[in-house]
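Presented below is the structure to which this report refers.
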Amino acid sequence: MSSSPVSTLIRRRAAKPHTSMLLRMLMRAAVLRRAQAASALLALVVAAAVATAMLNLYVDVQAKLRKEFRNYGANIVVVAKYDQSLSPDVLKQVDAALAGHGLAVPFAYVVARTSDGQSVVVAGTNLDQVRKLNHWWSVTEWPSASLDALVGFRAAAVVSPQGKPFELSFQGRSVHLNPAGTLRTGAAEDSRIYLSLKDFVDWTSVQPSTIEIAASGSPEELSALIQELTQALPSAEVRPIRQIMEGEARVFGKTRSTLAIASVLIVVTAALCVLSTLIGWVFDRRRDFAIMKALGASESLIGGFFAAEAAALGAIGALLGFVIGVGIAAWIGRANFHAPVVPRFNVFPFVLAGSIAVALISAVLPIFLLRRVQPAMILRGE
Amino acid sequence: MFGRLVYESFRRQKRRKLLVVVAITLGAGMATAMIAVATDVGDKISRELRSYGANLIVTPQEDTLDVQIGGVDLKPPSDGAYLNEADLPKIKGMFWRNNIAGFAPMLPVPVSLDGSRDAKTFTLLGTYFSKPLTLGKDEFVTGVRVTHPFWKVQGAWPDDNSQDVLLGQNLAAKVGRKAGDEIHISGQTHHISGILFSGGAEDDQVVAPLALAQQILGKPGVVRRVYVSAITKPEDAFARRDPKTLSGAVYDRWYCSPYAASIAFQLQEAIPHSHAEQIRQVAQNEGTVLSRIQGLMLLITLAALFASALAVSAAMATAIFQRRSEVGLIRALGASSVSVAALFFAEAALLALVGGVLGFAGGAFLARQIGRSIFDSQITIQPVLLPVILTTAIIVTFAGSALAIRRAVKLDPVYALRGEA
């Protein structure tokens with residue numbers, strides 16, 4: 001009988017003071033039944049890890065998805081009123097209003113003539129920024145030198161079918177351009193020629209008339225930005241590009257709902273699985289319960305003992321699960337978005353509370369059911 | 001004897017069995033729902049992405065350059081070529097006709113508005129709103145209401161066979177008209193059925209049924225360009241290959257994949273003298289966004305499957321630890337460890353089957369509810385998922401039981417019976 005937990009407890013109880021009894025019982029219970037404790041803990045850790053990962057992802061993925069949606073390009077456009085140009089400080093004002101949460105690119109347009117008299121739209125812009133703004137542009141090679149032009153593929157067929165340098169004229173002034181690459185977008189850009197803003201202004205003296213803005217943020221933040229810009233720029237018209245904004249709102253909303261439902265589903269399932277495992281585990285220990293009761297422990301004391309044990313298990317499970325869950329979230333972020341999901345420690349209290357709550361419920365429920373049963377019956381194995 | 005042991009074990013330990021079945025059911029249910037949602041989410045999101053509007057454009061092959069700034073066409077109207085309106089229904093006769101969500105022809109015509117303060121000309125855009133068309137026996141409805149879902153109308157959409165028009169919001173403000181008023185366009189009076197909010201160049205235009213634009217232009221049956229909204233597959237390296245360089249079987253595979261490029265290629269075949277191009281802003285980004293969302297759901301599903309497998313394993317292990325004394329008794333009565341293991345595995349398989357079937361049913365129901373509440377459409381459950389779920393459930397319960405059974409069998413019956421595990 002020397003290895004029996006019960007007899008060990010009885011012997012030590014006589015020899016040692018009463019105070020550390022609860023702690024000792026907890027420790028012994030964990031050590032002597034480590035296999036069962038481990039499998040109960042495993043279930044808790046898994047549930048906590050999954051809950052942590054889903055909560056982390058749910059918060060972080062929204063920001064990551066918004067970033068993906070910015071690949072659609074500009075969602076706000078600022079156009080000079082009455083066919084005028086925008087003054088140079090408008091771009092500075094826009095940049096200030098954006099405060100780093102987006103990209104603003106100026107565009108200037110004229111209709112020039114080719115050497116055989118055809119009309120072609122020529123645009124001047126900041127090519128480096130356009131490259132960042134319009135990821136979908138399919139460009140053979142971006143211009144790098146001065147007087148290099150990016151030629152839309154339909155315009156290329158007209159102005160320089162063999163890729164040779166060509167001449168354009170605007171209001172009597174002509175310019176000699178070198179086609180650096182061709183551009184394919186499937187929209188009006190295919191018929192245009194793009195130059196760097198400096199070359200464009202030197203040639204035409206026309207200043208930008210349009211600023212395309214790709215601003216990131218929620219719909220509320222964007223409408224606040226539009227309002228701010230409208231007030232700051234009385235000489236220009238600020239309007240949202242509905243196609244981009246509504247598309248994003250719709251797809252983003254659906255994705256978020258799917259993610260939310262998946263999160264709830266996974267967390268609830270994990271919690272219920274833990275519940276059923278732990279209830280089985282506690283139920284299995286009804287002999288301990290019966291012995292304690294037979295030795296004269298009050299019901300609240302026994303309840304307290306089991307509750308303390310469950311709470312400790314829940315806390316350890318939450319801690320381990322949190323670490324693993326942060327890892328899972330980071331892995332998903334890296335694998336899918338090529339950027340890690342930042343761990344959110346403010347999620348931890350929720351995971352901890354949930355984990356302890358589930359553990360407590362699964363400890364208290366069986367005790368409540370066993371309360372009326374006579375210890376003798378349990379000890380006889382009935 | 002074996003059968004009776006299994007039967008009695010289920011009959012006498014209902015509560016314990018119930019807990020295990022609950023765990024397996026939950027795990028299998030979550031797995032079913034997540035797999036169903038993850039496999040279908042691509043298709044669903046792909047449809048939602050159509051709210052970005054058309055992703056393909058068909059123009060005449062011999063067209064002159066567009067002279068367009070800020071969406072305003074500066075090209076003389078006499079310039080350029082046209083497509084034939086009568087060819088359009090052929091779009092619905094293509095191989096990928098079921099992937100064509102809709103199409104809308106466009107015909108811009110310069111008009112003068114009598115009653116506007118300046119004598120400037122405006123653009124009248126002729127198009128289909130939601131026009132019923134027939135090809136053979138098939139009937140379908142198409143127009144800007146499908147291809148441009150972000151267009152909003154205050155008032156009513158005009159009928160495609162009427163002489164009613166929509167006024168762009170900026171133009172309406174300029175000429176001081178609202179829905180229900182009359183307007184003179186090129187000498188004729190038209191009823192304004194609504195005000196259009198498009199967020200694009202159409203806000204400064206008059207939008208009218210195609211027939212009216214053709215009548216004003218004096219060229220019946222012509223259109224300038226056609227916007228096509230197609231459900232496509234994300235572009236990969238294979239999609240970017242030039243169909244002319246592909247050999248027979250590879251060409252067939254390219255042709256029969258719903259890439260934007262191959263649908264554009266087929267559009268060109270369907271409409272004579274046309275050039276089809278993907279609108280890269282919509283088509284390319286669709287691919288990236290779609291693959292991100294699909295990838296996300298896939299990884300979450302993997303994590304969920306792994307979690308439910310572990311949870312079920314833990315439940316099984318606990319359930320078997322509880323029966324040490326029973327194992328001791330059977331062993332003391334002379335059963336071999338193989339027959340004890342067989343008994344437990346048989347029970348585990350039964351539990352897995354019951355839990356798996358219940359879980360599959362619950363998960364399928366859940367997936368349906370998710371599809372209906374989020375996407376307003378059914379999520380189809382592939383029947384092949386049932387055997388997959390059942391097999392997985394059995395494997396997981398076996399894996400979860402294996403270690404516990406090994407320990408239980410190894411234990412000396414004497415200790416087991418005394419309850420000293």
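Every chain in the structure tokens has a letter given in the order shown (A, B, ...), and although residue numbers restart at 1 in each chain, ligands are simply numbered from 1 in the order shown.
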- Message: as a ChimeraX atom specification, please: the residues near region 222-224 of chain B (cut-off 8 Å, only C-alpha atoms, same-chain neighbours under 4 positions excluded).
- Response: /B:59-60,81-85,105-108,214
Can I get the selected residues back with C-alpha atoms, as a PDB file, in the first residue's frame?
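The resulting out25.pdb:
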```
ATOM      1  CA  THR B  59     -12.935  46.492 -78.767  1.00  0.00           C
ATOM      2  CA  PRO B  60     -12.919  46.515 -82.589  1.00  0.00           C
ATOM      3  CA  ALA B  81     -14.427  51.246 -85.877  1.00  0.00           C
ATOM      4  CA  TYR B  82     -17.483  49.523 -84.452  1.00  0.00           C
ATOM      5  CA  LEU B  83     -18.547  46.058 -83.371  1.00  0.00           C
ATOM      6  CA  ASN B  84     -21.787  44.512 -84.546  1.00  0.00           C
ATOM      7  CA  GLU B  85     -24.494  44.344 -81.881  1.00  0.00           C
ATOM      8  CA  PRO B 105     -22.091  47.093 -74.803  1.00  0.00           C
ATOM      9  CA  MET B 106     -21.212  50.786 -74.833  1.00  0.00           C
ATOM     10  CA  LEU B 107     -21.770  53.353 -77.553  1.00  0.00           C
ATOM     11  CA  PRO B 108     -20.778  56.943 -76.700  1.00  0.00           C
ATOM     12  CA  GLN B 214     -27.705  54.179 -82.299  1.00  0.00           C
TER      13      GLN B 214
END
```
- Item | Residue neighbourhood Asn161 (chain B), 12 Å, only C-alpha atoms, exclusion window fewer than 2 positions, as a PyMOL selection string | chain B and resi 126-132+157-159+163-165+208-213
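For Val105 (chain A), the residues within 10 Å (counting only C-alpha atoms, excluding itself and residues fewer than 6 positions away along the chain) are Ala74, Val77, Leu91, Val94, Asp95, Thr125, Asn126, Leu127, Asp128, Gln129, Val130, Lys132, Leu133, Pro208, Thr210, Ile211, Glu212, Ile213 and Ala214 of chain A.
Nearest to Asp190 (chain A) of all the residues A:His176, A:Arg131, A:Arg154, A:Arg380 is A:Arg154, counting only C-alpha atoms.
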- Query: Could you name the residues that touch Leu65 (chain A) at 10 Å or less, counting only C-alpha atoms, but leaving out those on the same chain fewer than 5 positions away, as a PyMOL selection string?
  - Reply: (chain A and resi 60+70+248+252+255-256+337) or (chain B and resi 289+292-293)
- Task: Would you please extract all strand (DSSP E or B) residues from region 224-410 of chain B, as assigned by DSSP on the backbone, and give them as a ChimeraX atom specification?
- Result: /B:225-230,233,259,274-278
- Query: So which bits of region 1-247 of chain B end up helix (DSSP H, G or I) when you DSSP the backbone, as number ranges by chain?
  - Reply: B: 2-12, 14-52, 85-93, 97-99, 144-147, 169-175, 201-204, 210-217, 243-245
- Task: Starting from chain B, keep only residues with some atom at most 6 Å from an atom of chain A, counting only C-alpha atoms, and report them as a list in words.
- Result: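 The selection requested is Leu19, Ala23, Leu26, Glu48, Ser51, Tyr52, Leu65, Asp66, Val67, Phe150, Gly199, Glu277, Gln278, Ile279, Arg280, Gln281, Gly295, Ala307, Ala311, Ala314, Ala315 and Gln322 of chain B.
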- Task: Find the spatial neighbours of Ala346 (chain B), counting only C-alpha atoms, within a cut-off of 10 Å - ignore same-chain residues fewer than 5 positions away - and output them as a list of chain:residue names.
- Result: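 My list of contacting residues is B:Phe2, B:Gly3, B:Val6, B:Val340, B:Ala341, B:Leu351, B:Ala352, B:Phe398.
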Would you mind exporting the chosen residues as a PDB file, in the first residue's frame, restricted to N, CA and C atoms?
```
ATOM      1  N   PHE B   2     -16.933 -11.763 -28.019  1.00  0.00           N
ATOM      2  CA  PHE B   2     -16.360 -10.462 -28.369  1.00  0.00           C
ATOM      3  C   PHE B   2     -17.466  -9.431 -28.597  1.00  0.00           C
ATOM      4  N   GLY B   3     -18.442  -9.863 -29.404  1.00  0.00           N
ATOM      5  CA  GLY B   3     -19.572  -8.979 -29.706  1.00  0.00           C
ATOM      6  C   GLY B   3     -20.295  -8.578 -28.433  1.00  0.00           C
ATOM      7  N   VAL B   6     -18.402  -5.940 -26.445  1.00  0.00           N
ATOM      8  CA  VAL B   6     -18.551  -4.600 -27.027  1.00  0.00           C
ATOM      9  C   VAL B   6     -19.933  -4.057 -26.709  1.00  0.00           C
ATOM     10  N   VAL B 340      -7.534  -7.886 -25.964  1.00  0.00           N
ATOM     11  CA  VAL B 340      -7.947  -6.669 -25.249  1.00  0.00           C
ATOM     12  C   VAL B 340      -7.822  -5.465 -26.179  1.00  0.00           C
ATOM     13  N   ALA B 341      -6.664  -5.393 -26.879  1.00  0.00           N
ATOM     14  CA  ALA B 341      -6.461  -4.275 -27.809  1.00  0.00           C
ATOM     15  C   ALA B 341      -7.534  -4.287 -28.891  1.00  0.00           C
ATOM     16  N   LEU B 351     -17.239   4.080 -32.117  1.00  0.00           N
ATOM     17  CA  LEU B 351     -17.424   5.461 -31.649  1.00  0.00           C
ATOM     18  C   LEU B 351     -17.115   6.445 -32.772  1.00  0.00           C
ATOM     19  N   ALA B 352     -16.008   6.156 -33.499  1.00  0.00           N
ATOM     20  CA  ALA B 352     -15.598   7.066 -34.568  1.00  0.00           C
ATOM     21  C   ALA B 352     -16.653   7.112 -35.663  1.00  0.00           C
ATOM     22  N   PHE B 398      -8.058   6.010 -33.416  1.00  0.00           N
ATOM     23  CA  PHE B 398      -7.081   4.935 -33.224  1.00  0.00           C
ATOM     24  C   PHE B 398      -5.771   5.509 -32.696  1.00  0.00           C
TER      25      PHE B 398
END
```
- Message: One number please: CA of Ile405 (chain B) to CA of Glu347 (chain B), in Å, one decimal.
- Response: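 CA of Glu347 (chain B) lies 11.8 Å from CA of Ile405 (chain B).
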- Query: Restricting the calculation to only C-alpha atoms, which member of B:Val144, B:Cys256, B:Leu298, B:Ala404 is positioned closest to Ala239 (chain B)?
  - Reply: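 Distance minimum relative to Ala239 (chain B) lands on B:Cys256.
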- Task: Considering only C-alpha atoms, return as a PyMOL selection string whatever protein or nucleic-acid residues lie within 10 Å of Asp148 (chain A), sequence-local ones (same chain, fewer than 4 positions apart) excluded.
- Result: chain A and resi 142-144+165+176-181+194-196+199
- Message: When you look at region 44-46 of chain B with a cut-off of 10 Å (counting only C-alpha atoms), what residues show up, excluding the ones that are within fewer than 5 positions of it in the same chain? I need them as a list in words.
- Response: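 So, after excluding close chain neighbours, the residues are Arg250, Val251, Phe252, Lys254 and Thr255 of chain A; Val37, Thr39, Ser51, Ala230, Ile231, Thr232, Lys233, Pro234, Glu286, Gly287, Val289, Leu290, Ser291, Ile293, Gln294, Gly371, Ile374, Phe375, Asp376, Ser377, Gln378 and Ile379 of chain B.
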Produce a file of the selected residues containing C-alpha atoms, as a short mmCIF file (atom, residue, chain, number, x, y, z; two decimals), in the first residue's frame.
```
data_model
loop_
_atom_site.label_atom_id
_atom_site.label_comp_id
_atom_site.auth_asym_id
_atom_site.auth_seq_id
_atom_site.Cartn_x
_atom_site.Cartn_y
_atom_site.Cartn_z
CA ARG A 250 -18.19 44.07 -50.09
CA VAL A 251 -15.42 41.51 -50.43
CA PHE A 252 -13.78 42.60 -47.21
CA LYS A 254 -17.74 38.84 -46.55
CA THR A 255 -14.22 37.67 -45.79
CA VAL B 37 -16.33 26.39 -46.44
CA THR B 39 -13.16 24.54 -50.63
CA SER B 51 -18.66 43.73 -57.69
CA ALA B 230 -16.35 36.83 -66.16
CA ILE B 231 -15.63 34.55 -63.24
CA THR B 232 -11.99 33.61 -63.67
CA LYS B 233 -9.29 31.55 -62.07
CA PRO B 234 -6.25 33.34 -60.58
CA GLU B 286 -8.84 39.61 -58.37
CA GLY B 287 -6.31 36.81 -58.61
CA VAL B 289 -7.02 38.87 -53.42
CA LEU B 290 -8.65 35.54 -54.17
CA SER B 291 -5.53 33.50 -53.60
CA ILE B 293 -8.35 34.64 -48.99
CA GLN B 294 -8.28 31.04 -50.18
CA GLY B 371 -23.21 29.93 -46.94
CA ILE B 374 -22.81 35.27 -45.48
CA PHE B 375 -22.95 34.68 -49.21
CA ASP B 376 -26.71 34.29 -49.78
CA SER B 377 -26.03 31.07 -51.63
CA GLN B 378 -25.66 27.39 -50.86
CA ILE B 379 -22.32 25.87 -50.00
#
```
- Message: I need the residue nearest Phe322 (chain A) from this list: A:Ala29, A:Leu352, A:Ala215, A:Val206. Use only C-alpha atoms for the distance.
- Response: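 Of all the options, A:Leu352 lies closest to Phe322 (chain A).
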